[in-house]
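Step one of this worksheet: look at the structure below.
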Amino acid sequence: MKSPNQTIRIAIQSSGRLRDGSLQYLESFGLQFEFTDRSLITKAKNFDLELLSVRDDDIPQYITQGVADYGIVGENVLYEEQPNANVIEKLNFCQCSLVIAVPTESSIQSIEDLQNERIATSYPNILAKFLKDNGIKSAIIPIKGSVEITPQLNLADAICDLTQTGTTLKQNGLRILATVCESEAVLITSPINRSQTSLKQRLQAETLTTN
Ligand code: PRT
Ligand code: ZN
């Protein structure tokens with residue numbers, strides 16, 4: 001486990017939808033990085049800070065274990081793995097919705113109609129809580145990717161997946177039945193960062209030196 005007062009370490013996604021927004025957020029503080037290769041760890045040029053570039057799914061774990069001081073991850077991934085996680089700040093990018101959708105021609109018209117039906121999802125924990133809160137018992141089919149295809153394969157009667165523009169749902173002949181939650185990128189911190197100081201405060205506490 002990393003001890004306090006060492007180099008600040010921030011876990012961000014190595015590539016994907018969160019990557020650019022995460023870097024822009026960090027660069028807005030004046031931090032400068034030089035990416036020379038695909039290395040896992042990149043040191044800031046002008047601050048005692050380093051980036052850990054990893055898969056987004058692993059970021060909550062890195063934070064819980066204190067391997068990194070801060071992390072940037074989507075709320076969907078965070079709440080799937082750690083419902084009681086400590087979010088420091090919402091970052092206003094990578095917005096999307098986690099929705100339940102059914103085939104356009106399905107007889108399922110309301111969430112009550114999901115009783116005893118099969119729902120495929122990559123977010124079984126968030127979905128289970130939603131169904132429980134609404135008093136509905138369905139069979140949750142955990143699936144890692146291409147969830148939208150499962151009704152066509154008769155693997156599921158409904159899906160619970162992320163959507164942004166709605167294009168993918170439409171292309172797969174699906175319509176939205178209910179929104180489970182909204183999601184955006186958030187800054188989270190390690191439990192060993194006991195003061196729960198925002199990254200901004202921590203960076204501003206020391207003067208950035210430009211090269
Ligand atoms: O490799 P790694 O595990 O790090 O990345 P990943 O492939 O798991 O994640 P990535 O890069 O695809 O997404 C990272 C995060 O971006 C997600 O966890 C969400 O917080 C956020 N995000 C925002 C989205 C979307 N928008 C989104 N549209 N994640 C996924 N999608 C999918 C959606 O499920 C659909 O299949 O994109 C497809 C297109 O969506 P439409 O509605 O615009 O057609
Ligand atoms: Zn992922």
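Here's how to read the names in the structure tokens: chain A, B, ... by the order shown, residue numbers from 1 in each chain, ligand numbers from 1 in the order shown.
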Expected selection as a PyMOL selection string for ligand 1 within 7 Å, only C-alpha atoms and all ligand atoms = chain A and resi 13-18+54-57+73-77+94-96+161-169+183-185
key: Contacts of Ala178 (chain A) within 9 Å, only C-alpha atoms, excl. fewer than 6 positions in-chain, as a PyMOL selection string   = chain A and resi 98-101+110-111
Selection above as a file: C-alpha atoms, as a PDB file, in the first residue's frame:
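So again_39.pdb came out as:
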```pdb
ATOM      1  CA  LEU A  98     -27.919   3.000 -17.693  1.00  0.00           C
ATOM      2  CA  VAL A  99     -31.280   1.905 -19.058  1.00  0.00           C
ATOM      3  CA  ILE A 100     -33.502  -1.139 -19.295  1.00  0.00           C
ATOM      4  CA  ALA A 101     -34.563  -1.724 -22.899  1.00  0.00           C
ATOM      5  CA  SER A 110     -43.684  -1.217 -17.761  1.00  0.00           C
ATOM      6  CA  ILE A 111     -41.082  -2.296 -15.216  1.00  0.00           C
TER       7      ILE A 111
END
```
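As for CA of Pro83 (chain A) and CA of Pro60 (chain A), they are spaced 10.7 Å apart.
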task = For Ser122 (chain A), list every protein, DNA or RNA residue within 7 Å, evaluated using only C-alpha atoms, and leave out those in the same chain fewer than 5 positions away; present the list as a PyMOL selection string.
result = chain A and resi 142-144
key: One-decimal distance in Å that lies between CA of Leu177 (chain A) and CA of Gly135 (chain A)   =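 Separating CA of Gly135 (chain A) from CA of Leu177 (chain A) is a distance of 16.3 Å.
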ask   = Among chain A, which residues carry a DSSP assignment of helix (DSSP H, G or I), reported as JSON, numbers by chain?
value = {"A": [19, 20, 21, 22, 23, 24, 25, 26, 27, 56, 57, 58, 59, 60, 61, 62, 63, 64, 75, 76, 77, 78, 79, 80, 81, 111, 112, 113, 114, 124, 125, 126, 127, 128, 129, 130, 131, 132, 133, 147, 148, 149, 167, 168, 169, 170, 171, 199, 200, 201, 202, 203, 204]}
Would you write out those residues with N, CA and C atoms, as a short mmCIF file (atom, residue, chain, number, x, y, z; two decimals), in the first residue's frame?
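part.cif, freshly written:
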```
data_model
loop_
_atom_site.label_atom_id
_atom_site.label_comp_id
_atom_site.auth_asym_id
_atom_site.auth_seq_id
_atom_site.Cartn_x
_atom_site.Cartn_y
_atom_site.Cartn_z
N ARG A 19 -10.49 8.51 -21.46
CA ARG A 19 -9.08 8.91 -21.51
C ARG A 19 -8.88 10.42 -21.76
N ASP A 20 -9.44 10.93 -22.86
CA ASP A 20 -9.18 12.33 -23.23
C ASP A 20 -9.72 13.31 -22.19
N GLY A 21 -10.94 13.06 -21.72
CA GLY A 21 -11.54 13.94 -20.72
C GLY A 21 -10.73 13.94 -19.43
N SER A 22 -10.20 12.77 -19.07
CA SER A 22 -9.40 12.67 -17.84
C SER A 22 -8.13 13.50 -17.97
N LEU A 23 -7.48 13.39 -19.14
CA LEU A 23 -6.24 14.15 -19.36
C LEU A 23 -6.53 15.65 -19.40
N GLN A 24 -7.64 16.02 -20.06
CA GLN A 24 -7.99 17.45 -20.14
C GLN A 24 -8.24 18.01 -18.73
N TYR A 25 -8.92 17.22 -17.90
CA TYR A 25 -9.19 17.67 -16.53
C TYR A 25 -7.87 17.90 -15.79
N LEU A 26 -6.94 16.98 -15.91
CA LEU A 26 -5.66 17.11 -15.19
C LEU A 26 -4.83 18.25 -15.77
N GLU A 27 -4.86 18.40 -17.09
CA GLU A 27 -4.09 19.47 -17.72
C GLU A 27 -4.66 20.85 -17.37
N ASP A 56 -10.51 0.77 -17.03
CA ASP A 56 -11.40 1.51 -16.11
C ASP A 56 -11.99 0.62 -15.02
N ASP A 57 -12.24 -0.65 -15.36
CA ASP A 57 -12.85 -1.57 -14.38
C ASP A 57 -11.96 -1.80 -13.16
N ASP A 58 -10.66 -1.61 -13.34
CA ASP A 58 -9.73 -1.87 -12.24
C ASP A 58 -9.50 -0.64 -11.35
N ILE A 59 -9.97 0.52 -11.80
CA ILE A 59 -9.66 1.76 -11.07
C ILE A 59 -10.25 1.77 -9.64
N PRO A 60 -11.52 1.36 -9.44
CA PRO A 60 -12.03 1.36 -8.05
C PRO A 60 -11.17 0.50 -7.11
N GLN A 61 -10.70 -0.62 -7.64
CA GLN A 61 -9.87 -1.53 -6.83
C GLN A 61 -8.52 -0.88 -6.48
N TYR A 62 -7.90 -0.22 -7.46
CA TYR A 62 -6.64 0.47 -7.19
C TYR A 62 -6.81 1.52 -6.09
N ILE A 63 -7.96 2.17 -6.11
CA ILE A 63 -8.22 3.23 -5.13
C ILE A 63 -8.48 2.62 -3.75
N THR A 64 -9.32 1.60 -3.70
CA THR A 64 -9.62 0.96 -2.41
C THR A 64 -8.36 0.43 -1.75
N GLU A 75 -19.35 6.63 -13.12
CA GLU A 75 -20.16 6.23 -11.95
C GLU A 75 -20.73 4.83 -12.13
N ASN A 76 -21.00 4.45 -13.38
CA ASN A 76 -21.56 3.12 -13.64
C ASN A 76 -20.61 2.02 -13.16
N VAL A 77 -19.33 2.16 -13.48
CA VAL A 77 -18.33 1.15 -13.05
C VAL A 77 -18.13 1.23 -11.53
N LEU A 78 -18.08 2.46 -11.03
CA LEU A 78 -17.84 2.66 -9.60
C LEU A 78 -18.95 2.02 -8.76
N TYR A 79 -20.21 2.33 -9.07
CA TYR A 79 -21.31 1.86 -8.23
C TYR A 79 -21.60 0.37 -8.43
N GLU A 80 -21.16 -0.17 -9.59
CA GLU A 80 -21.29 -1.61 -9.77
C GLU A 80 -20.38 -2.34 -8.77
N GLU A 81 -19.18 -1.78 -8.58
CA GLU A 81 -18.19 -2.46 -7.74
C GLU A 81 -18.21 -1.99 -6.30
N ILE A 111 -42.06 -1.49 -15.97
CA ILE A 111 -41.08 -2.30 -15.22
C ILE A 111 -41.76 -3.45 -14.46
N GLU A 112 -43.02 -3.30 -14.13
CA GLU A 112 -43.75 -4.40 -13.46
C GLU A 112 -43.80 -5.64 -14.36
N ASP A 113 -43.85 -5.41 -15.68
CA ASP A 113 -43.91 -6.53 -16.63
C ASP A 113 -42.59 -7.32 -16.70
N LEU A 114 -41.55 -6.82 -16.02
CA LEU A 114 -40.25 -7.53 -16.03
C LEU A 114 -40.24 -8.70 -15.04
N PRO A 124 -24.77 -6.33 -13.11
CA PRO A 124 -25.71 -7.13 -12.31
C PRO A 124 -26.00 -6.56 -10.92
N ASN A 125 -25.01 -5.94 -10.30
CA ASN A 125 -25.23 -5.42 -8.94
C ASN A 125 -26.16 -4.20 -8.93
N ILE A 126 -25.90 -3.27 -9.86
CA ILE A 126 -26.76 -2.07 -9.93
C ILE A 126 -28.18 -2.49 -10.31
N LEU A 127 -28.28 -3.42 -11.26
CA LEU A 127 -29.61 -3.87 -11.70
C LEU A 127 -30.35 -4.58 -10.57
N ALA A 128 -29.64 -5.44 -9.84
CA ALA A 128 -30.28 -6.18 -8.73
C ALA A 128 -30.87 -5.22 -7.71
N LYS A 129 -30.12 -4.16 -7.41
CA LYS A 129 -30.62 -3.17 -6.43
C LYS A 129 -31.86 -2.46 -6.98
N PHE A 130 -31.80 -2.09 -8.25
CA PHE A 130 -32.94 -1.40 -8.88
C PHE A 130 -34.20 -2.28 -8.82
N LEU A 131 -34.03 -3.56 -9.17
CA LEU A 131 -35.18 -4.47 -9.19
C LEU A 131 -35.72 -4.66 -7.76
N LYS A 132 -34.81 -4.81 -6.82
CA LYS A 132 -35.22 -5.00 -5.42
C LYS A 132 -35.99 -3.77 -4.93
N ASP A 133 -35.44 -2.58 -5.22
CA ASP A 133 -36.10 -1.33 -4.80
C ASP A 133 -37.51 -1.23 -5.38
N VAL A 147 -24.22 -6.75 -25.14
CA VAL A 147 -25.47 -7.04 -24.43
C VAL A 147 -26.68 -6.82 -25.33
N GLU A 148 -26.57 -5.82 -26.23
CA GLU A 148 -27.71 -5.44 -27.07
C GLU A 148 -28.21 -6.58 -27.97
N ILE A 149 -27.35 -7.55 -28.23
CA ILE A 149 -27.70 -8.62 -29.17
C ILE A 149 -28.49 -9.75 -28.48
N THR A 167 -28.44 5.44 -30.52
CA THR A 167 -28.29 4.84 -31.85
C THR A 167 -28.15 3.32 -31.78
N THR A 168 -27.32 2.84 -30.87
CA THR A 168 -27.08 1.39 -30.78
C THR A 168 -28.35 0.63 -30.41
N LEU A 169 -29.12 1.19 -29.50
CA LEU A 169 -30.39 0.54 -29.12
C LEU A 169 -31.29 0.45 -30.34
N LYS A 170 -31.41 1.57 -31.04
CA LYS A 170 -32.27 1.63 -32.23
C LYS A 170 -31.82 0.62 -33.27
N GLN A 171 -30.50 0.58 -33.51
CA GLN A 171 -29.96 -0.34 -34.52
C GLN A 171 -30.26 -1.80 -34.17
N LEU A 199 -8.27 17.10 -5.32
CA LEU A 199 -7.01 17.13 -6.04
C LEU A 199 -6.59 18.58 -6.27
N LYS A 200 -7.57 19.42 -6.58
CA LYS A 200 -7.31 20.84 -6.84
C LYS A 200 -6.62 21.48 -5.63
N GLN A 201 -7.18 21.25 -4.43
CA GLN A 201 -6.59 21.83 -3.22
C GLN A 201 -5.18 21.31 -3.02
N ARG A 202 -5.02 20.01 -3.30
CA ARG A 202 -3.71 19.40 -3.05
C ARG A 202 -2.66 19.96 -4.01
N LEU A 203 -3.08 20.20 -5.25
CA LEU A 203 -2.14 20.74 -6.23
C LEU A 203 -1.86 22.21 -5.96
N GLN A 204 -2.93 22.93 -5.55
CA GLN A 204 -2.75 24.36 -5.32
C GLN A 204 -1.96 24.63 -4.05
#
```
request  = Work out how far apart CA of Leu49 (chain A) and CA of Ser28 (chain A) are and give it in Å to one decimal.
outcome  =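 Spanning CA of Leu49 (chain A) to CA of Ser28 (chain A) is a straight-line distance of 14.7 Å.
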query = Using only C-alpha atoms and all ligand atoms, which residue out of A:Gly145, A:Leu52, A:Ile10, A:Leu174 lies closest to ligand 2?
reply = A:Gly145
ask   = If we count only C-alpha atoms, what is near Ser190 (chain A) at a cut-off of 8 Å, once residues fewer than 4 positions away on the same chain are taken out, given as a PyMOL selection string?
value = chain A and resi 63-66+68-70+194
